[in-house]
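Note: the block below is work31.txt and it holds compact mmCIF, C-alpha atoms and all ligand atoms.
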```txt
# COMPACT_ATOMS: atom_id res chain seq x y z
CA MET G 1 -179.93 -34.09 136.27
CA SER G 2 -183.42 -32.63 136.10
CA ARG G 3 -184.74 -30.71 133.13
CA PRO G 4 -184.58 -26.95 133.35
CA THR G 5 -188.07 -25.54 133.63
CA SER G 6 -189.63 -22.18 134.28
CA VAL G 7 -193.21 -21.05 134.77
CA ASP G 8 -193.51 -21.09 130.97
CA GLY G 9 -192.13 -24.63 130.72
CA PRO G 10 -188.74 -25.59 129.27
CA ARG G 11 -186.82 -22.74 127.68
CA THR G 12 -186.07 -22.41 124.00
CA LEU G 13 -182.83 -24.12 123.03
CA VAL G 14 -182.70 -23.46 119.32
CA GLU G 15 -184.71 -21.39 116.92
CA VAL G 16 -184.54 -21.87 113.17
CA VAL G 17 -185.76 -18.65 111.58
CA HIS G 18 -186.75 -18.55 107.91
CA ILE G 19 -183.92 -20.70 106.66
CA HIS G 20 -183.37 -21.43 103.01
CA LYS G 21 -180.70 -23.72 101.65
CA SER G 22 -179.73 -24.07 98.01
CA PHE G 23 -176.95 -26.08 96.43
CA PRO G 24 -175.18 -24.93 93.27
CA HIS G 25 -176.06 -27.50 90.66
CA ALA G 26 -175.78 -27.79 86.88
CA GLY G 27 -174.96 -24.10 86.51
CA GLY G 28 -177.96 -23.01 88.62
CA GLU G 29 -179.19 -23.15 92.20
CA LEU G 30 -181.15 -26.10 93.54
CA PRO G 31 -183.43 -25.01 96.42
CA VAL G 32 -183.54 -27.76 99.07
CA LEU G 33 -184.83 -25.99 102.21
CA LYS G 34 -187.56 -23.44 101.59
CA ASP G 35 -188.37 -21.10 104.46
CA VAL G 36 -188.10 -23.56 107.35
CA ASN G 37 -189.05 -22.29 110.82
CA LEU G 38 -188.66 -24.41 113.92
CA VAL G 39 -188.36 -24.00 117.67
CA LEU G 40 -186.82 -26.74 119.82
CA ARG G 41 -186.99 -26.46 123.58
CA GLN G 42 -184.45 -27.68 126.09
CA GLY G 43 -184.84 -31.40 126.67
CA GLU G 44 -187.43 -31.78 123.91
CA VAL G 45 -187.49 -34.88 121.69
CA CYS G 46 -188.63 -34.39 118.13
CA ALA G 47 -188.72 -36.88 115.26
CA VAL G 48 -188.33 -35.70 111.66
CA VAL G 49 -189.96 -37.82 108.98
CA GLY G 50 -190.67 -37.45 105.27
CA ALA G 51 -189.92 -39.01 101.92
CA SER G 52 -186.40 -39.49 100.65
CA GLY G 53 -185.09 -36.20 99.26
CA ALA G 54 -187.46 -34.06 101.36
CA GLY G 55 -184.53 -32.23 102.97
CA LYS G 56 -184.33 -33.93 106.39
CA SER G 57 -180.57 -34.48 106.42
CA THR G 58 -179.97 -31.02 104.99
CA LEU G 59 -181.99 -29.53 107.86
CA LEU G 60 -180.07 -31.64 110.39
CA HIS G 61 -176.74 -30.53 108.91
CA CYS G 62 -177.81 -26.88 109.09
CA LEU G 63 -179.06 -27.27 112.68
CA GLY G 64 -175.77 -28.93 113.56
CA THR G 65 -173.78 -26.14 111.83
CA LEU G 66 -172.03 -28.77 109.70
CA ASP G 67 -173.42 -26.80 106.78
CA LEU G 68 -174.84 -23.28 106.84
CA PRO G 69 -178.13 -22.07 105.41
CA THR G 70 -178.05 -19.85 102.34
CA ARG G 71 -180.42 -17.43 104.13
CA GLY G 72 -181.99 -17.19 107.57
CA GLU G 73 -180.83 -17.55 111.16
CA ILE G 74 -180.14 -20.42 113.55
CA ARG G 75 -180.26 -19.09 117.10
CA TYR G 76 -178.95 -21.18 119.97
CA GLU G 77 -180.12 -19.65 123.24
CA GLY G 78 -180.58 -16.39 121.35
CA ARG G 79 -177.20 -16.34 119.53
CA ASN G 80 -177.26 -16.50 115.73
CA VAL G 81 -174.57 -19.11 115.05
CA VAL G 82 -174.65 -18.49 111.28
CA GLU G 83 -172.46 -15.45 111.98
CA LEU G 84 -169.70 -17.34 113.81
CA THR G 85 -166.28 -17.86 112.20
CA PRO G 86 -165.29 -21.46 111.31
CA PRO G 87 -163.10 -21.91 114.43
CA GLU G 88 -165.84 -20.44 116.65
CA LEU G 89 -168.36 -22.77 115.02
CA ALA G 90 -166.14 -25.80 115.56
CA GLU G 91 -165.79 -24.99 119.24
CA PHE G 92 -169.51 -24.24 119.61
CA ARG G 93 -170.42 -27.55 117.92
CA ASN G 94 -167.96 -29.55 120.03
CA ARG G 95 -169.46 -28.19 123.25
CA THR G 96 -173.14 -28.01 122.37
CA ILE G 97 -174.11 -30.71 119.88
CA GLY G 98 -173.69 -34.47 119.66
CA PHE G 99 -174.13 -36.31 116.36
CA VAL G 100 -175.15 -39.88 115.59
CA PHE G 101 -175.39 -40.98 111.96
CA GLN G 102 -176.65 -44.12 110.24
CA PHE G 103 -173.09 -45.32 109.80
CA HIS G 104 -171.12 -44.89 112.97
CA HIS G 105 -168.10 -43.00 111.49
CA LEU G 106 -165.87 -44.33 114.25
CA LEU G 107 -162.13 -44.17 113.56
CA PRO G 108 -161.12 -47.74 112.66
CA GLU G 109 -157.54 -47.48 113.98
CA PHE G 110 -158.65 -46.47 117.47
CA ASP G 111 -160.38 -48.58 120.12
CA ALA G 112 -163.77 -47.81 121.65
CA LEU G 113 -162.33 -45.84 124.57
CA GLU G 114 -160.07 -43.74 122.31
CA ASN G 115 -162.95 -43.01 119.92
CA VAL G 116 -165.17 -41.81 122.76
CA MET G 117 -162.35 -39.71 124.27
CA MET G 118 -161.75 -37.87 121.01
CA PRO G 119 -164.31 -35.00 121.38
CA ALA G 120 -163.10 -34.39 124.94
CA LEU G 121 -159.45 -34.26 123.83
CA ILE G 122 -160.42 -31.85 121.04
CA ALA G 123 -162.09 -29.70 123.73
CA ARG G 124 -158.73 -29.77 125.61
CA VAL G 125 -160.10 -31.75 128.53
CA PRO G 126 -157.02 -33.17 130.32
CA PRO G 127 -156.35 -36.71 128.98
CA ARG G 128 -156.89 -38.48 132.29
CA GLN G 129 -160.25 -36.79 132.82
CA ALA G 130 -161.21 -37.45 129.18
CA ARG G 131 -160.40 -41.13 129.65
CA GLU G 132 -162.46 -41.33 132.85
CA ARG G 133 -165.43 -39.60 131.21
CA ALA G 134 -165.21 -41.84 128.14
CA ALA G 135 -165.01 -45.00 130.26
CA ALA G 136 -168.05 -43.86 132.27
CA MET G 137 -170.03 -43.17 129.09
CA LEU G 138 -169.11 -46.55 127.64
CA GLU G 139 -170.15 -48.20 130.89
CA ARG G 140 -173.47 -46.31 130.70
CA VAL G 141 -174.19 -47.64 127.21
CA GLY G 142 -173.40 -51.17 128.37
CA LEU G 143 -169.93 -51.54 126.90
CA ALA G 144 -167.64 -51.56 129.93
CA HIS G 145 -166.34 -54.93 128.69
CA ARG G 146 -165.44 -53.62 125.21
CA LEU G 147 -163.22 -50.61 125.93
CA THR G 148 -160.22 -51.95 124.01
CA HIS G 149 -162.14 -53.30 121.01
CA ARG G 150 -161.67 -51.52 117.70
CA PRO G 151 -164.82 -50.77 115.65
CA GLY G 152 -164.14 -53.75 113.36
CA GLU G 153 -164.22 -56.03 116.39
CA LEU G 154 -167.67 -54.84 117.52
CA SER G 155 -171.20 -55.75 116.36
CA GLY G 156 -173.32 -53.16 114.52
CA GLY G 157 -175.35 -52.44 117.67
CA GLU G 158 -172.18 -52.12 119.76
CA GLN G 159 -170.62 -49.77 117.19
CA GLN G 160 -173.70 -47.57 117.36
CA ARG G 161 -173.54 -47.56 121.18
CA VAL G 162 -169.92 -46.40 120.95
CA ALA G 163 -171.04 -43.66 118.55
CA ILE G 164 -173.74 -42.61 121.05
CA ALA G 165 -171.18 -42.58 123.88
CA ARG G 166 -168.89 -40.43 121.72
CA ALA G 167 -171.77 -38.05 120.94
CA LEU G 168 -172.55 -37.67 124.65
CA VAL G 169 -169.07 -37.42 126.15
CA MET G 170 -169.17 -33.60 126.13
CA SER G 171 -172.69 -33.55 127.68
CA PRO G 172 -174.29 -31.78 124.69
CA LYS G 173 -177.50 -29.81 124.98
CA LEU G 174 -178.71 -31.30 121.71
CA LEU G 175 -178.29 -34.70 120.12
CA LEU G 176 -178.84 -34.75 116.36
CA ALA G 177 -179.38 -38.24 114.98
CA ASP G 178 -179.79 -39.10 111.29
CA GLU G 179 -181.23 -42.60 110.85
CA PRO G 180 -179.50 -43.75 114.05
CA THR G 181 -180.79 -47.30 113.68
CA GLY G 182 -181.15 -47.43 109.88
CA ASN G 183 -178.45 -50.05 109.70
CA LEU G 184 -179.58 -52.32 112.55
CA ASP G 185 -182.00 -55.25 112.93
CA THR G 186 -185.36 -54.75 114.65
CA LYS G 187 -184.35 -56.02 118.08
CA THR G 188 -181.07 -54.08 118.18
CA SER G 189 -182.88 -50.98 116.88
CA ARG G 190 -185.35 -51.18 119.77
CA GLU G 191 -182.51 -51.46 122.27
CA VAL G 192 -180.80 -48.40 120.79
CA HIS G 193 -184.10 -46.44 120.73
CA ASP G 194 -184.67 -47.29 124.41
CA LEU G 195 -181.12 -46.21 125.22
CA LEU G 196 -181.58 -42.84 123.48
CA PHE G 197 -184.78 -42.10 125.40
CA GLU G 198 -183.19 -43.16 128.71
CA LEU G 199 -180.27 -40.83 128.05
CA ASN G 200 -182.66 -37.98 127.21
CA ALA G 201 -184.47 -38.52 130.51
CA GLU G 202 -181.22 -38.75 132.48
CA THR G 203 -179.34 -35.82 130.98
CA GLY G 204 -182.08 -33.43 129.85
CA MET G 205 -180.47 -33.04 126.41
CA ALA G 206 -182.85 -32.33 123.54
CA MET G 207 -182.95 -34.82 120.66
CA LEU G 208 -183.84 -34.37 117.00
CA LEU G 209 -184.22 -37.78 115.37
CA VAL G 210 -184.40 -38.02 111.58
CA THR G 211 -185.88 -41.40 110.74
CA HIS G 212 -187.79 -43.58 108.31
CA ASN G 213 -188.53 -45.91 111.25
CA MET G 214 -192.15 -45.26 112.26
CA GLU G 215 -191.67 -47.14 115.51
CA LEU G 216 -188.99 -44.63 116.53
CA ALA G 217 -191.03 -41.67 115.23
CA ARG G 218 -194.00 -42.77 117.35
CA LEU G 219 -191.85 -42.91 120.49
CA ALA G 220 -191.10 -39.19 120.14
CA PRO G 221 -193.59 -36.84 121.81
CA ARG G 222 -193.32 -34.50 118.83
CA CYS G 223 -193.06 -35.36 115.15
CA ILE G 224 -192.31 -33.05 112.24
CA ARG G 225 -192.97 -34.05 108.64
CA MET G 226 -191.00 -32.56 105.76
CA ALA G 227 -192.00 -32.55 102.11
CA ASP G 228 -190.14 -30.85 99.28
CA GLY G 229 -187.97 -28.71 101.56
CA ARG G 230 -190.74 -27.48 103.84
CA LEU G 231 -192.22 -28.43 107.21
CA VAL G 232 -195.72 -29.62 106.41
CA GLU G 233 -196.82 -31.14 109.74
CA ASP G 234 -195.80 -30.52 113.33
CA GLU G 235 -197.56 -32.69 115.88
CA GLY G 236 -196.98 -32.93 119.59
CA PRO G 237 -196.72 -30.71 122.66
CA ALA G 238 -194.89 -27.89 120.86
CA GLY G 239 -196.47 -28.67 117.49
CA GLY G 240 -197.67 -25.94 115.21
CA GLU G 241 -195.00 -23.40 116.17
CA GLY G 242 -192.85 -24.30 113.18
CA LEU G 243 -195.62 -23.73 110.68
CA ALA G 244 -196.09 -19.99 111.11
N1 LIG G 301 -174.49 -31.16 98.11
C1 LIG G 301 -175.62 -31.22 97.37
N2 LIG G 301 -175.65 -30.74 96.12
C2 LIG G 301 -176.78 -30.78 95.38
N3 LIG G 301 -177.95 -31.30 95.82
C3 LIG G 301 -177.99 -31.81 97.06
C4 LIG G 301 -176.83 -31.80 97.90
N4 LIG G 301 -177.16 -32.35 99.10
C5 LIG G 301 -178.47 -32.71 98.99
N5 LIG G 301 -178.95 -32.37 97.77
C6 LIG G 301 -180.34 -32.60 97.31
O1 LIG G 301 -181.20 -32.08 98.29
C7 LIG G 301 -182.36 -32.89 98.44
C8 LIG G 301 -182.58 -33.22 99.90
O2 LIG G 301 -181.53 -34.05 100.35
P1 LIG G 301 -181.49 -34.65 101.82
O3 LIG G 301 -180.25 -35.46 101.92
O4 LIG G 301 -181.66 -33.55 102.79
O5 LIG G 301 -182.79 -35.56 101.82
P2 LIG G 301 -183.37 -36.53 102.96
O6 LIG G 301 -184.74 -36.05 103.29
O7 LIG G 301 -182.40 -36.63 104.07
O8 LIG G 301 -183.50 -37.92 102.18
P3 LIG G 301 -183.22 -39.45 102.71
O9 LIG G 301 -184.45 -39.85 103.46
O10 LIG G 301 -183.06 -40.21 101.43
O11 LIG G 301 -181.97 -39.45 103.53
C9 LIG G 301 -182.14 -34.10 97.56
O12 LIG G 301 -182.93 -33.98 96.40
C10 LIG G 301 -180.67 -34.07 97.23
O13 LIG G 301 -180.42 -34.58 95.96
MG MG G 302 -181.16 -38.16 104.75
```
Take the structure in the file and give it back as structure tokens.
Amino acid sequence: MSRPTSVDGPRTLVEVVHIHKSFPHAGGELPVLKDVNLVLRQGEVCAVVGASGAGKSTLLHCLGTLDLPTRGEIRYEGRNVVELTPPELAEFRNRTIGFVFQFHHLLPEFDALENVMMPALIARVPPRQARERAAAMLERVGLAHRLTHRPGELSGGEQQRVAIARALVMSPKLLLADEPTGNLDTKTSREVHDLLFELNAETGMAMLLVTHNMELARLAPRCIRMADGRLVEDEGPAGGEGLA
């Protein structure tokens, strides 16, 4: 699938507009995101770096609608998703966003194929079609020979490939990854990084990659740095837009 382009280049996928996020803490409010603005275009790959506690995961959770900002808007293709009801949000997330975390969060009682089918079944894709899609995704990530293995019977790199297959089974427009290779050795990390970039090129999905791994950050055409709840650097083709 080729990337959607227009005369102005790829279209905006998501716009983060003046978001703030605070957590109630010790009888007060702890501000964690402080007026973050960000534009991600369709198919764009952007790394997010910054010291521990800078707010990277909080931003990823807000972008992924797993948590909502205290103030501000998150517009996907123009629609402010902050206003959606919880069931609407769940459906939107299931169809639009894939997640990969440092720890795979696969369901231990289910095998690789069943884990990857899960988002499709939740989206009410007929079981046979869900199974076919899941098998094709697992084949794509190099695990056609491990369909009936449970997570505990897979290596760390294989578990993360299953998690990537699960994240992609609904063909999301955006993949959000939080330390996707934080738990893997150098060689396996490189293989997973290569896989993510291949999948970006093949599917045209955008990727936001939160990482402490500078090798991964350098692979991304655009890199955002966070410090103390703010975006402080934005380098790459679309860089600068988030720092208005
Ligand atoms: N639910 C919460 N309640 C209170 N404070 C929180 C909560 N979640 C996060 N924080 C605080 O918000 C700040 C940012 O956390 P966040 O997890 O976004 O950091 P991070 O940049 O992802 O760090 P790391 O690189 O260590 O993963 C931290 O200081 C953290 O303690
Ligand atoms: Mg984090």
Query raised in the report: Between G:Glu235, G:Asp35, G:Leu60, G:Ala47, which has the minimum distance to Glu215 of chain G (counting all atoms listed in the file)?
Result: G:Ala47
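Pocket residues of ligand MG 302 (chain G), taken as those with any atom at most 9 Å away using only C-alpha atoms and all ligand atoms, are Ser52, Gly53, Ala54, Gly55, Lys56, Ser57, Thr58, Leu60, Asp178, Glu179, Val210 and Thr211 of chain G.
Compared by their closest atoms to Arg79 of chain G, and using only C-alpha atoms, the residues G:Leu13, G:Leu107, G:Ala217, G:Cys223 rank with G:Leu13 nearest.
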Query raised in the report: Which polymer residues, protein or nucleic acid, are no farther than 10 Å from (-176.3, -40.6, 115.6), counting only C-alpha atoms, as a VMD selection string?
Result: chain G and resid 98 to 105 160 to 161 163 to 167 175 to 181 196 208 to 210
So that I can see what lies close to Thr96 of chain G, please list as a compact mmCIF listing (two decimals) with C-alpha atoms, keeping the file's coordinate frame the residues with an atom at most 6 Å from it, counting only C-alpha atoms and leaving out residues fewer than 4 positions away in the same chain.
```txt
# COMPACT_ATOMS: atom_id res chain seq x y z
CA PHE G 92 -169.51 -24.24 119.61
CA PRO G 172 -174.29 -31.78 124.69
CA LYS G 173 -177.50 -29.81 124.98
```
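Of the listed residues G:Met170, G:Leu89, G:Leu63, G:Met214, the one whose atoms come nearest to Arg124 of chain G is G:Met170, with distances taken using all atoms listed in the file.
Minimum atom-to-atom distances from G:Asp67, G:Glu109, G:Glu153, G:Glu44 to Ala220 of chain G were compared using all atoms listed in the file, and the lowest value belongs to G:Glu44.
The space between atom CA of Gly157 of chain G and atom CA of Ala112 of chain G spans 13.1 Å.
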Query raised in the report: Restricting the calculation to all atoms listed in the file, which member of G:Leu40, G:Leu143, G:Leu84, G:Leu33 is positioned closest to His61 of chain G?
Result: G:Leu33
If I wrap all listed atoms of segment 118-122 of chain G in a box with edges along x, y and z and add 5 Å on each side, what are its centre and edge lengths in Å to one decimal, as lines of an AutoDock Vina configuration file?
```
center_x = -161.9
center_y = -34.9
center_z = 123.0
size_x = 14.9
size_y = 16.0
size_z = 13.9
```
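Going from atom C10 of ligand LIG 301 (chain G) over to atom CA of Gly229 of chain G, you cover 10.0 Å.
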Query raised in the report: Can you tell me how far atom CA of Gly204 of chain G sits from atom CA of Arg93 of chain G, in Å to one decimal?
Result: 17.7 Å
Start from the incomplete input, build all heavy atoms for segment 119-130 of chain G, and deliver everything as a PDB file, in the frame of the given file.
```
ATOM      1  N   PRO G 119    -163.736 -36.354 121.256  1.00  0.00           N
ATOM      2  CA  PRO G 119    -164.310 -35.000 121.380  1.00  0.00           C
ATOM      3  C   PRO G 119    -163.827 -34.271 122.636  1.00  0.00           C
ATOM      4  O   PRO G 119    -163.658 -33.051 122.619  1.00  0.00           O
ATOM      5  CB  PRO G 119    -165.827 -35.258 121.460  1.00  0.00           C
ATOM      6  CG  PRO G 119    -166.022 -36.615 120.881  1.00  0.00           C
ATOM      7  CD  PRO G 119    -164.781 -37.392 121.193  1.00  0.00           C
ATOM      8  N   ALA G 120    -163.576 -35.019 123.705  1.00  0.00           N
ATOM      9  CA  ALA G 120    -163.100 -34.390 124.940  1.00  0.00           C
ATOM     10  C   ALA G 120    -161.663 -33.902 124.763  1.00  0.00           C
ATOM     11  O   ALA G 120    -161.303 -32.807 125.211  1.00  0.00           O
ATOM     12  CB  ALA G 120    -163.207 -35.378 126.107  1.00  0.00           C
ATOM     13  N   LEU G 121    -160.829 -34.685 124.073  1.00  0.00           N
ATOM     14  CA  LEU G 121    -159.450 -34.260 123.830  1.00  0.00           C
ATOM     15  C   LEU G 121    -159.427 -33.021 122.942  1.00  0.00           C
ATOM     16  O   LEU G 121    -158.647 -32.094 123.156  1.00  0.00           O
ATOM     17  CB  LEU G 121    -158.637 -35.397 123.191  1.00  0.00           C
ATOM     18  CG  LEU G 121    -158.400 -36.618 124.087  1.00  0.00           C
ATOM     19  CD1 LEU G 121    -157.647 -37.703 123.318  1.00  0.00           C
ATOM     20  CD2 LEU G 121    -157.629 -36.239 125.353  1.00  0.00           C
ATOM     21  N   ILE G 122    -160.331 -33.016 121.926  1.00  0.00           N
ATOM     22  CA  ILE G 122    -160.420 -31.850 121.040  1.00  0.00           C
ATOM     23  C   ILE G 122    -160.819 -30.613 121.841  1.00  0.00           C
ATOM     24  O   ILE G 122    -160.356 -29.506 121.579  1.00  0.00           O
ATOM     25  CB  ILE G 122    -161.428 -32.129 119.883  1.00  0.00           C
ATOM     26  CG1 ILE G 122    -160.822 -33.168 118.934  1.00  0.00           C
ATOM     27  CG2 ILE G 122    -161.801 -30.854 119.127  1.00  0.00           C
ATOM     28  CD1 ILE G 122    -161.789 -33.754 117.926  1.00  0.00           C
ATOM     29  N   ALA G 123    -161.658 -30.814 122.870  1.00  0.00           N
ATOM     30  CA  ALA G 123    -162.090 -29.700 123.730  1.00  0.00           C
ATOM     31  C   ALA G 123    -161.032 -29.371 124.799  1.00  0.00           C
ATOM     32  O   ALA G 123    -161.299 -28.570 125.694  1.00  0.00           O
ATOM     33  CB  ALA G 123    -163.423 -30.022 124.387  1.00  0.00           C
ATOM     34  N   ARG G 124    -159.852 -29.998 124.698  1.00  0.00           N
ATOM     35  CA  ARG G 124    -158.730 -29.770 125.610  1.00  0.00           C
ATOM     36  C   ARG G 124    -159.044 -30.154 127.055  1.00  0.00           C
ATOM     37  O   ARG G 124    -158.514 -29.570 128.008  1.00  0.00           O
ATOM     38  CB  ARG G 124    -158.227 -28.325 125.514  1.00  0.00           C
ATOM     39  CG  ARG G 124    -157.681 -27.983 124.115  1.00  0.00           C
ATOM     40  CD  ARG G 124    -157.185 -26.564 124.024  1.00  0.00           C
ATOM     41  NE  ARG G 124    -158.249 -25.581 124.134  1.00  0.00           N
ATOM     42  CZ  ARG G 124    -159.058 -25.245 123.128  1.00  0.00           C
ATOM     43  NH1 ARG G 124    -158.921 -25.802 121.941  1.00  0.00           N
ATOM     44  NH2 ARG G 124    -160.018 -24.348 123.321  1.00  0.00           N
ATOM     45  N   VAL G 125    -159.915 -31.153 127.209  1.00  0.00           N
ATOM     46  CA  VAL G 125    -160.100 -31.750 128.530  1.00  0.00           C
ATOM     47  C   VAL G 125    -158.819 -32.535 128.822  1.00  0.00           C
ATOM     48  O   VAL G 125    -158.314 -33.222 127.935  1.00  0.00           O
ATOM     49  CB  VAL G 125    -161.334 -32.700 128.529  1.00  0.00           C
ATOM     50  CG1 VAL G 125    -161.445 -33.482 129.821  1.00  0.00           C
ATOM     51  CG2 VAL G 125    -162.611 -31.909 128.256  1.00  0.00           C
ATOM     52  N   PRO G 126    -158.246 -32.426 130.025  1.00  0.00           N
ATOM     53  CA  PRO G 126    -157.020 -33.170 130.320  1.00  0.00           C
ATOM     54  C   PRO G 126    -157.212 -34.672 130.045  1.00  0.00           C
ATOM     55  O   PRO G 126    -158.271 -35.223 130.353  1.00  0.00           O
ATOM     56  CB  PRO G 126    -156.786 -32.916 131.812  1.00  0.00           C
ATOM     57  CG  PRO G 126    -157.535 -31.654 132.103  1.00  0.00           C
ATOM     58  CD  PRO G 126    -158.711 -31.626 131.161  1.00  0.00           C
ATOM     59  N   PRO G 127    -156.196 -35.321 129.434  1.00  0.00           N
ATOM     60  CA  PRO G 127    -156.350 -36.710 128.980  1.00  0.00           C
ATOM     61  C   PRO G 127    -156.899 -37.675 130.031  1.00  0.00           C
ATOM     62  O   PRO G 127    -157.737 -38.512 129.721  1.00  0.00           O
ATOM     63  CB  PRO G 127    -154.939 -37.106 128.548  1.00  0.00           C
ATOM     64  CG  PRO G 127    -154.280 -35.815 128.186  1.00  0.00           C
ATOM     65  CD  PRO G 127    -154.890 -34.762 129.053  1.00  0.00           C
ATOM     66  N   ARG G 128    -156.425 -37.532 131.265  1.00  0.00           N
ATOM     67  CA  ARG G 128    -156.890 -38.480 132.290  1.00  0.00           C
ATOM     68  C   ARG G 128    -158.388 -38.335 132.538  1.00  0.00           C
ATOM     69  O   ARG G 128    -159.119 -39.317 132.649  1.00  0.00           O
ATOM     70  CB  ARG G 128    -156.107 -38.224 133.583  1.00  0.00           C
ATOM     71  CG  ARG G 128    -156.093 -39.444 134.453  1.00  0.00           C
ATOM     72  CD  ARG G 128    -155.171 -39.274 135.613  1.00  0.00           C
ATOM     73  NE  ARG G 128    -155.894 -39.689 136.811  1.00  0.00           N
ATOM     74  CZ  ARG G 128    -155.442 -39.514 138.016  1.00  0.00           C
ATOM     75  NH1 ARG G 128    -154.292 -38.915 138.217  1.00  0.00           N
ATOM     76  NH2 ARG G 128    -156.152 -39.935 139.043  1.00  0.00           N
ATOM     77  N   GLN G 129    -158.812 -37.076 132.598  1.00  0.00           N
ATOM     78  CA  GLN G 129    -160.250 -36.790 132.820  1.00  0.00           C
ATOM     79  C   GLN G 129    -161.065 -37.251 131.600  1.00  0.00           C
ATOM     80  O   GLN G 129    -162.155 -37.805 131.759  1.00  0.00           O
ATOM     81  CB  GLN G 129    -160.400 -35.289 132.990  1.00  0.00           C
ATOM     82  CG  GLN G 129    -161.566 -34.875 133.826  1.00  0.00           C
ATOM     83  CD  GLN G 129    -161.606 -33.343 133.911  1.00  0.00           C
ATOM     84  OE1 GLN G 129    -160.546 -32.689 134.011  1.00  0.00           O
ATOM     85  NE2 GLN G 129    -162.786 -32.775 133.842  1.00  0.00           N
ATOM     86  N   ALA G 130    -160.526 -37.022 130.403  1.00  0.00           N
ATOM     87  CA  ALA G 130    -161.210 -37.450 129.180  1.00  0.00           C
ATOM     88  C   ALA G 130    -161.396 -38.963 129.180  1.00  0.00           C
ATOM     89  O   ALA G 130    -162.461 -39.485 128.831  1.00  0.00           O
ATOM     90  CB  ALA G 130    -160.411 -37.011 127.947  1.00  0.00           C
TER      91      ALA G 130
END
```
